[in-house]
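> This structure is in structure tokens; I'll ask about it shortly.
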2 protein chains.
Amino acid sequence: MNTNMEKPYVVGIDIGGTNTVFGIVDARGSILCSSSIKTQAYDDVNKYADAVCENLLPLIDSVGGKDKIKGIGVGAPNGNYYNGTIEFAPNLPWKGIIRLADMIEERVQIPTALTNDANAAAIGEMTYGVARGMKDFIMITLGTGVGSGIVINGQMVYGHDGFAGELGHTIIRRGGRPCGCGRRGCLETYCSATGVARTAREFLAERTDESLLRQIPVEEITSKDVYEAAVKGDKLAKDIFDFTGEILGESLADAIAFSSPEAIVLFGGLAKSGDFLMKPLLKSLDENVLNIYKGKTRVLVSELKDSDAAVLGASALGWELKDLK
Amino acid sequence: MNTNMEKPYVVGIDIGGTNTVFGIVDARGSILCSSSIKTQAYDDVNKYADAVCENLLPLIDSVGGKDKIKGIGVGAPNGNYYNGTIEFAPNLPWKGIIRLADMIEERVQIPTALTNDANAAAIGEMTYGVARGMKDFIMITLGTGVGSGIVINGQMVYGHDGFAGELGHTIIRRGGRPCGCGRRGCLETYCSATGVARTAREFLAERTDESLLRQIPVEEITSKDVYEAAVKGDKLAKDIFDFTGEILGESLADAIAFSSPEAIVLFGGLAKSGDFLMKPLLKSLDENVLNIYKGKTRVLVSELKDSDAAVLGASALGWELKDLK
């Protein structure tokens with residue numbers, strides 16, 4: 001981390017489909033102040049960028065002005081680090097290729113970098129979280145989808161086009177569940193929060209045994225409901241986690257054969273399911289991993305607060321930026 | 001490549017289960033002279049190292065002596081770059097962990113590095129072959145097994161333990177063919193030379209149509225026989241390549257989701273099967289790859305001569321070495 005006394009802060013901006021959250025972060029990963037706007041309220045990306053800046057500048061002033069800010073980091077779905085662009089993001093209001101890093105940099109006159117949200121999470125984990133000091137790890141975000149950020153030799157893996165690290169879209173069941181990407185059997189159709197809900201609906205339809213989940217209208221079941229039922233000892237809910245953990249373990253075993261990481265860091269709501277997920281995951285990982293890797297890769301859960309992690313992750317990009325000329 | 005006029009050569013040593021080949025290589029990738037010994041003739045690895053040196057030193061003298069050599073690179077099965085060791089290689093006569101780089105360095109007094117054979121092939125391709133100038137590519141070696149060497153940000157991916165890049169042991173058919181590694185459905189059980197021969201035996205048993213391959217005793221069929229039958233228009237042989245290419249395409253699509261490489265470079269006997277393999281492979285890759293990657297990653301065939309590539313690849317490691325103190 002390239003901190004100095006003159007510019008002790010960075011800005012993190014997390015662009016989600018619903019909210020855009022921004023905050024000022026110090027070198028220890030404390031969020032000094034933060035604010036947010038509604039992403040969907042801006043059809044025109046220029047007006048969106050204006051609104052980000054209007055809301056961000058008062059925060060910057062409150063910590064001593066632009067001279068105190070080393071850089072701005074932005075995490076966004078379909079973000080491309082090389083170009084500072086958001087490209088064809090299905091859940092954002094702006095279509096095509098959006099040069100958002102430039103748009104913010106021009107308005108705020110602070111160097112700005114952008115990457116996708118899972119990469120930002122990985123950088124945040126490496127800068128402030130459980131992956132501090134690690135040179136080789138994989139971040140897996142278990143949210144609505146499954147994202148990933150891969151760090152090798154201490155560097156974020158962006159690939160030749162800036163879009164590397166889509167482990168959520170590797171095929172874990174060929175010909176399996178239809179995925180939003182148009183293909184079948186992607187990891188995220190099984191091991192995301194929505195994947196867990198799909199598994200619940202499948203299990204409830206296939207099986208006849210009692211379950212607390214039968215009290216919920218089947219289309220409304222969420223992964224949180226499954227977790228709460230499991231906590232109460234519900235067998236079917238626990239079986240859903242066994243199924244999910246087993247598939248995730250199979251997938252992580254293959255990922256290890258790629259980059260042989262020191263650790264895999266899980267992040268997101270599902271990652272907080274404790275032993276319900278972790279036990280079958282570790283069992284499956286151990287059964288499926290190639291012998292030479294056995295017992296070498298730790299599986300960790302992020303310790304960053306969910307509400308802060310996205311902003312922290314994005315902000316960590318800011319430390320790497322050089323001053324504008 | 002860190003060449004200089006004073007030390008214009010490197011040594012490449014390729015350790016195979018049958019032969020150990022070594023050669024002196026210049027900065028253009030020309031092998032100036034080479035020699036070989038039988039790997040299996042030495043039960044004692046100390047005597048093996050002695051023999052390597054005895055045979056290598058005359059070659060070194062013939063190009064002007066040790067002062068002309070920048071370094072020695074060794075490619076070996078189960079080679080570990082970090083430790084310079086060969087670890088538990090099933091097809092070599094020495095068991096356990098062998099500190100071979102040190103053993104050679106001590107004897108010859110030239111800095112020595114060691115890596116696994118597929119990594120050596122990748123470095124060779126990057127230094128002398130079709131991957132010159134590329135920063136992100138994946139080397140796939142289609143030989144008796146399937147090996148891989150992954151380059152990201154211009155650096156070889158070794159992983160935290162030195163064993164990264166075993167794509168031949170990612171699972172492409174869960175519960176599929178038994179693999180020598182003790183698991184099932186590994187890529188190499190389908191897409192290696194031996195995998196192609198297995199497919200031939202399966203197809204011949206399942207099908208009743210005529211085939212040139214039926215003239216060969218079924219246990220003796222090799223991938224070369226399948227290729228030669230395909231060249232003669234044999235339908236069953238062509239179907240074997242279709243099957244192989246389809247599976248390889250599926251696997252490469254997943255590999256692209258990991259590191260989004262500029263190119264995938266195929267090497268080894270099977271890679272020379274021309275359109276028989278390449279057509280179904282490219283079709284399958286295109287059908288299976290995630291949309292954002294479509295059409296971006298080139299699939300190339302190594303242009304290095306098979307007989308030279310292993311020595312060239314190993315030798316390329318030598319350019320990176322620093323002088324002994």
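Residues are named by chain letter and number: chains run A, B, ... in the order of the structure tokens, numbers start at 1 in each chain, and ligands are numbered from 1 in the order shown.
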Set the cut-off to 6 Å and count only C-alpha atoms: what are the residues of chain A that reach chain B? Output as a PyMOL selection string.

chain A and resi 136+159-160+164-166+170+254+257-262

> Could you please take those selected residues and save all heavy atoms as an mmCIF file, in the first residue's frame?


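Result file is result_32.cif:
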data_model
loop_
_atom_site.group_PDB
_atom_site.id
_atom_site.type_symbol
_atom_site.label_atom_id
_atom_site.label_comp_id
_atom_site.auth_asym_id
_atom_site.auth_seq_id
_atom_site.Cartn_x
_atom_site.Cartn_y
_atom_site.Cartn_z
ATOM 1 N N ASP A 136 -0.967 -15.290 -3.196
ATOM 2 C CA ASP A 136 -1.755 -16.162 -4.064
ATOM 3 C C ASP A 136 -3.040 -16.577 -3.364
ATOM 4 O O ASP A 136 -3.004 -17.428 -2.472
ATOM 5 C CB ASP A 136 -0.946 -17.417 -4.426
ATOM 6 C CG ASP A 136 0.248 -17.109 -5.294
ATOM 7 O OD1 ASP A 136 0.050 -16.969 -6.515
ATOM 8 O OD2 ASP A 136 1.366 -16.994 -4.768
ATOM 9 N N GLY A 159 -6.398 -10.624 -16.912
ATOM 10 C CA GLY A 159 -6.453 -11.254 -18.229
ATOM 11 C C GLY A 159 -6.131 -10.259 -19.323
ATOM 12 O O GLY A 159 -5.959 -9.072 -19.056
ATOM 13 N N HIS A 160 -6.058 -10.751 -20.561
ATOM 14 C CA HIS A 160 -5.604 -9.868 -21.647
ATOM 15 C C HIS A 160 -6.620 -8.785 -21.963
ATOM 16 O O HIS A 160 -6.283 -7.750 -22.515
ATOM 17 C CB HIS A 160 -5.268 -10.691 -22.897
ATOM 18 C CG HIS A 160 -6.449 -10.996 -23.762
ATOM 19 N ND1 HIS A 160 -7.452 -11.868 -23.388
ATOM 20 C CD2 HIS A 160 -6.811 -10.517 -24.975
ATOM 21 C CE1 HIS A 160 -8.350 -11.933 -24.354
ATOM 22 N NE2 HIS A 160 -7.995 -11.125 -25.312
ATOM 23 N N ALA A 164 -10.856 -11.267 -16.747
ATOM 24 C CA ALA A 164 -10.537 -12.573 -16.159
ATOM 25 C C ALA A 164 -11.309 -12.790 -14.853
ATOM 26 O O ALA A 164 -11.802 -11.841 -14.241
ATOM 27 C CB ALA A 164 -9.039 -12.669 -15.894
ATOM 28 N N GLY A 165 -11.404 -14.054 -14.442
ATOM 29 C CA GLY A 165 -11.944 -14.358 -13.123
ATOM 30 C C GLY A 165 -13.448 -14.465 -13.060
ATOM 31 O O GLY A 165 -14.088 -13.842 -12.220
ATOM 32 N N GLU A 166 -14.028 -15.247 -13.956
ATOM 33 C CA GLU A 166 -15.479 -15.465 -13.892
ATOM 34 C C GLU A 166 -15.752 -16.907 -13.483
ATOM 35 O O GLU A 166 -16.431 -17.655 -14.199
ATOM 36 C CB GLU A 166 -16.123 -15.132 -15.243
ATOM 37 C CG GLU A 166 -16.166 -13.655 -15.573
ATOM 38 C CD GLU A 166 -17.214 -12.888 -14.739
ATOM 39 O OE1 GLU A 166 -18.017 -13.529 -14.027
ATOM 40 O OE2 GLU A 166 -17.194 -11.641 -14.795
ATOM 41 N N THR A 170 -17.930 -20.946 -14.684
ATOM 42 C CA THR A 170 -17.367 -22.214 -15.140
ATOM 43 C C THR A 170 -18.460 -23.259 -14.955
ATOM 44 O O THR A 170 -19.333 -23.132 -14.090
ATOM 45 C CB THR A 170 -16.105 -22.611 -14.346
ATOM 46 O OG1 THR A 170 -16.401 -22.574 -12.947
ATOM 47 C CG2 THR A 170 -14.969 -21.627 -14.615
ATOM 48 N N ASP A 254 -11.122 -27.757 -8.569
ATOM 49 C CA ASP A 254 -10.634 -27.457 -9.920
ATOM 50 C C ASP A 254 -9.897 -26.116 -9.964
ATOM 51 O O ASP A 254 -8.893 -25.973 -10.662
ATOM 52 C CB ASP A 254 -11.800 -27.440 -10.924
ATOM 53 C CG ASP A 254 -12.183 -28.842 -11.379
ATOM 54 O OD1 ASP A 254 -11.418 -29.793 -11.112
ATOM 55 O OD2 ASP A 254 -13.243 -28.986 -12.003
ATOM 56 N N ALA A 257 -6.380 -26.498 -8.886
ATOM 57 C CA ALA A 257 -5.509 -27.080 -9.914
ATOM 58 C C ALA A 257 -5.027 -26.020 -10.899
ATOM 59 O O ALA A 257 -4.049 -26.217 -11.606
ATOM 60 C CB ALA A 257 -6.231 -28.194 -10.659
ATOM 61 N N PHE A 258 -5.720 -24.903 -10.945
ATOM 62 C CA PHE A 258 -5.293 -23.818 -11.823
ATOM 63 C C PHE A 258 -4.154 -23.020 -11.174
ATOM 64 O O PHE A 258 -3.037 -23.007 -11.660
ATOM 65 C CB PHE A 258 -6.494 -22.912 -12.126
ATOM 66 C CG PHE A 258 -6.324 -22.118 -13.387
ATOM 67 C CD1 PHE A 258 -6.954 -22.495 -14.553
ATOM 68 C CD2 PHE A 258 -5.527 -20.992 -13.414
ATOM 69 C CE1 PHE A 258 -6.790 -21.771 -15.725
ATOM 70 C CE2 PHE A 258 -5.354 -20.260 -14.576
ATOM 71 C CZ PHE A 258 -5.989 -20.643 -15.733
ATOM 72 N N SER A 259 -4.431 -22.386 -10.049
ATOM 73 C CA SER A 259 -3.433 -21.430 -9.533
ATOM 74 C C SER A 259 -2.834 -21.821 -8.189
ATOM 75 O O SER A 259 -2.015 -21.084 -7.651
ATOM 76 C CB SER A 259 -4.056 -20.036 -9.430
ATOM 77 O OG SER A 259 -5.049 -19.994 -8.433
ATOM 78 N N SER A 260 -3.207 -22.967 -7.637
ATOM 79 C CA SER A 260 -2.672 -23.435 -6.362
ATOM 80 C C SER A 260 -2.527 -22.305 -5.338
ATOM 81 O O SER A 260 -1.425 -21.964 -4.927
ATOM 82 C CB SER A 260 -1.328 -24.138 -6.569
ATOM 83 O OG SER A 260 -0.931 -24.762 -5.374
ATOM 84 N N PRO A 261 -3.662 -21.729 -4.927
ATOM 85 C CA PRO A 261 -3.611 -20.593 -4.002
ATOM 86 C C PRO A 261 -3.356 -21.034 -2.568
ATOM 87 O O PRO A 261 -3.662 -22.171 -2.195
ATOM 88 C CB PRO A 261 -5.010 -19.985 -4.124
ATOM 89 C CG PRO A 261 -5.889 -21.156 -4.441
ATOM 90 C CD PRO A 261 -5.045 -22.069 -5.316
ATOM 91 N N GLU A 262 -2.802 -20.120 -1.801
ATOM 92 C CA GLU A 262 -2.597 -20.334 -0.370
ATOM 93 C C GLU A 262 -3.944 -20.409 0.349
ATOM 94 O O GLU A 262 -4.109 -21.160 1.308
ATOM 95 C CB GLU A 262 -1.788 -19.148 0.157
ATOM 96 C CG GLU A 262 -1.517 -19.133 1.615
ATOM 97 C CD GLU A 262 -0.676 -17.917 1.994
ATOM 98 O OE1 GLU A 262 -0.177 -17.211 1.088
ATOM 99 O OE2 GLU A 262 -0.528 -17.662 3.196
#

> Range 234-241 of chain A: which residues within 12 Å, counting only C-alpha atoms, same-chain residues fewer than 3 positions away excluded, as an NGL selection string?

:A and (190-193 or 195-214 or 221-231 or 244-249 or 270-271 or 273-281)

> Select, from B:Asn19, B:Asn80, B:Asn91, B:Thr85, the residue with the minimum atom-to-atom distance to Ala118 in chain B, counting only C-alpha atoms.

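Closest to Ala118 in chain B, using only C-alpha atoms: B:Asn80.
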
> Report the residues of range 136-262 of chain A whose backbone DSSP state falls under helix (DSSP H, G or I), written as a PyMOL selection string.

chain A and resi 167-169+188-191+193-206+212-215+218-220+223-231+235-259

> Excluding range 53-65 of chain B and residues on its chain fewer than 4 positions from it, collect all residues at most 7 Å away from it, counting only C-alpha atoms, and give them as a ChimeraX atom specification.

/B:33,49,107-108

> Selection from above, all heavy atoms, as a short mmCIF file (atom, residue, chain, number, x, y, z; two decimals), in the first residue's frame, can you write it?


data_model
loop_
_atom_site.label_atom_id
_atom_site.label_comp_id
_atom_site.auth_asym_id
_atom_site.auth_seq_id
_atom_site.Cartn_x
_atom_site.Cartn_y
_atom_site.Cartn_z
N CYS B 33 24.44 -27.77 -29.80
CA CYS B 33 24.87 -29.15 -29.70
C CYS B 33 24.04 -29.82 -28.61
O CYS B 33 23.52 -29.14 -27.72
CB CYS B 33 26.36 -29.26 -29.38
SG CYS B 33 26.87 -28.24 -27.99
N ALA B 49 23.19 -37.67 -11.48
CA ALA B 49 23.69 -36.29 -11.58
C ALA B 49 25.14 -36.28 -12.06
O ALA B 49 25.53 -35.42 -12.87
CB ALA B 49 23.55 -35.59 -10.22
N ARG B 107 27.69 -29.54 -8.87
CA ARG B 107 28.65 -30.26 -9.69
C ARG B 107 29.22 -29.40 -10.81
O ARG B 107 30.41 -29.46 -11.10
CB ARG B 107 27.98 -31.51 -10.29
CG ARG B 107 27.86 -32.66 -9.29
CD ARG B 107 26.93 -33.73 -9.83
NE ARG B 107 26.92 -34.91 -8.97
CZ ARG B 107 26.27 -35.00 -7.81
NH1 ARG B 107 25.58 -33.97 -7.35
NH2 ARG B 107 26.31 -36.12 -7.12
N VAL B 108 28.36 -28.63 -11.48
CA VAL B 108 28.80 -27.91 -12.68
C VAL B 108 29.23 -26.49 -12.35
O VAL B 108 29.92 -25.84 -13.14
CB VAL B 108 27.67 -27.91 -13.74
CG1 VAL B 108 28.18 -27.44 -15.08
CG2 VAL B 108 27.06 -29.29 -13.88
#

> Which residues are near Gly84 in chain B? Cut-off 9 Å, only C-alpha atoms, ignore same chain within fewer than 3 positions. Put them as a PyMOL selection string.

chain B and resi 74+79-81+98-102+112-115

> How about saving the chosen residues, N, CA and C atoms kept, as a short mmCIF file (atom, residue, chain, number, x, y, z; two decimals), in the first residue's frame?


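So the final result, stored in part-v3.cif, reads:
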data_model
loop_
_atom_site.label_atom_id
_atom_site.label_comp_id
_atom_site.auth_asym_id
_atom_site.auth_seq_id
_atom_site.Cartn_x
_atom_site.Cartn_y
_atom_site.Cartn_z
N VAL B 74 16.24 -26.80 -16.13
CA VAL B 74 15.87 -28.21 -16.14
C VAL B 74 14.34 -28.33 -16.17
N GLY B 79 8.28 -31.31 -11.33
CA GLY B 79 9.31 -30.35 -10.93
C GLY B 79 8.72 -29.19 -10.15
N ASN B 80 9.44 -28.75 -9.13
CA ASN B 80 9.00 -27.61 -8.32
C ASN B 80 10.01 -26.48 -8.45
N TYR B 81 9.55 -25.39 -9.04
CA TYR B 81 10.43 -24.26 -9.33
C TYR B 81 11.00 -23.63 -8.07
N ILE B 98 13.64 -34.96 -4.57
CA ILE B 98 15.01 -34.96 -5.09
C ILE B 98 15.44 -33.51 -5.34
N ARG B 99 16.52 -33.08 -4.67
CA ARG B 99 16.99 -31.70 -4.83
C ARG B 99 17.91 -31.59 -6.05
N LEU B 100 17.34 -31.80 -7.22
CA LEU B 100 18.18 -31.97 -8.40
C LEU B 100 18.85 -30.68 -8.87
N ALA B 101 18.17 -29.54 -8.77
CA ALA B 101 18.80 -28.28 -9.23
C ALA B 101 20.08 -28.03 -8.44
N ASP B 102 20.00 -28.19 -7.12
CA ASP B 102 21.20 -28.01 -6.29
C ASP B 102 22.30 -29.01 -6.67
N THR B 112 21.48 -22.97 -11.63
CA THR B 112 20.55 -23.93 -12.21
C THR B 112 19.15 -23.74 -11.63
N ALA B 113 18.15 -23.72 -12.50
CA ALA B 113 16.74 -23.66 -12.08
C ALA B 113 16.01 -24.85 -12.67
N LEU B 114 14.92 -25.25 -12.01
CA LEU B 114 14.19 -26.43 -12.44
C LEU B 114 12.69 -26.13 -12.37
N THR B 115 11.93 -26.63 -13.33
CA THR B 115 10.47 -26.51 -13.25
C THR B 115 9.85 -27.73 -13.90
#

> I'd like the interatomic distance between CA of Glu106 in chain B and CA of Val45 in chain B, to a tenth of an Å.

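Between CA of Glu106 in chain B and CA of Val45 in chain B the gap works out to 13.9 Å.
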
> Just the strand (DSSP E) stuff from range 41-271 of chain B, please, per backbone DSSP, written as a VMD selection string.

chain B and resid 69 to 76 79 to 80 85 to 87 97 to 98 112 to 116 137 to 142 146 to 152 155 to 156 263 to 267

> Go ahead and dump the residues you just picked, C-alpha atoms, as an mmCIF file, in the first residue's frame.


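Just written: again29.cif:
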data_model
loop_
_atom_site.group_PDB
_atom_site.id
_atom_site.type_symbol
_atom_site.label_atom_id
_atom_site.label_comp_id
_atom_site.auth_asym_id
_atom_site.auth_seq_id
_atom_site.Cartn_x
_atom_site.Cartn_y
_atom_site.Cartn_z
ATOM 1 C CA ILE B 69 26.840 -20.104 -20.027
ATOM 2 C CA LYS B 70 24.260 -17.819 -18.387
ATOM 3 C CA GLY B 71 22.447 -20.618 -16.627
ATOM 4 C CA ILE B 72 21.043 -24.136 -16.734
ATOM 5 C CA GLY B 73 17.316 -24.799 -16.946
ATOM 6 C CA VAL B 74 15.867 -28.211 -16.143
ATOM 7 C CA GLY B 75 12.391 -29.446 -17.107
ATOM 8 C CA ALA B 76 11.182 -32.498 -15.218
ATOM 9 C CA GLY B 79 9.308 -30.354 -10.932
ATOM 10 C CA ASN B 80 8.998 -27.613 -8.324
ATOM 11 C CA THR B 85 13.131 -30.269 -6.583
ATOM 12 C CA ILE B 86 11.483 -33.210 -8.287
ATOM 13 C CA GLU B 87 8.778 -34.426 -5.928
ATOM 14 C CA ILE B 97 11.867 -35.395 -2.970
ATOM 15 C CA ILE B 98 15.009 -34.956 -5.087
ATOM 16 C CA THR B 112 20.551 -23.933 -12.206
ATOM 17 C CA ALA B 113 16.744 -23.662 -12.081
ATOM 18 C CA LEU B 114 14.186 -26.428 -12.441
ATOM 19 C CA THR B 115 10.472 -26.507 -13.249
ATOM 20 C CA ASN B 116 7.938 -29.012 -14.460
ATOM 21 C CA PHE B 137 -1.472 -17.316 -22.415
ATOM 22 C CA ILE B 138 -1.975 -20.942 -21.463
ATOM 23 C CA MET B 139 0.171 -23.758 -22.790
ATOM 24 C CA ILE B 140 -1.529 -27.143 -23.052
ATOM 25 C CA THR B 141 0.683 -30.152 -23.694
ATOM 26 C CA LEU B 142 -1.190 -33.076 -25.215
ATOM 27 C CA VAL B 146 -2.260 -33.474 -20.429
ATOM 28 C CA GLY B 147 -0.004 -30.840 -18.901
ATOM 29 C CA SER B 148 -0.369 -27.094 -18.683
ATOM 30 C CA GLY B 149 1.720 -24.024 -18.095
ATOM 31 C CA ILE B 150 -0.056 -20.763 -17.343
ATOM 32 C CA VAL B 151 1.427 -17.317 -17.944
ATOM 33 C CA ILE B 152 -0.285 -14.270 -16.435
ATOM 34 C CA GLN B 155 4.917 -14.336 -15.355
ATOM 35 C CA MET B 156 4.782 -18.084 -14.997
ATOM 36 C CA ALA B 263 -4.021 -17.337 -26.648
ATOM 37 C CA ILE B 264 -4.020 -21.008 -25.820
ATOM 38 C CA VAL B 265 -1.027 -22.805 -27.300
ATOM 39 C CA LEU B 266 -1.320 -26.529 -27.960
ATOM 40 C CA PHE B 267 1.754 -28.692 -27.993
#

> For the atom pair CA of Ser34 in chain A and CA of Gly145 in chain A, what is the interatomic distance in Å to one decimal place?

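Computing the Euclidean distance for CA of Ser34 in chain A and CA of Gly145 in chain A yields 25.7 Å.
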
> Using CA of Lys305 in chain B and CA of Ile31 in chain B as the two end points, give the distance in Å to one decimal.

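The value is 11.3 Å.
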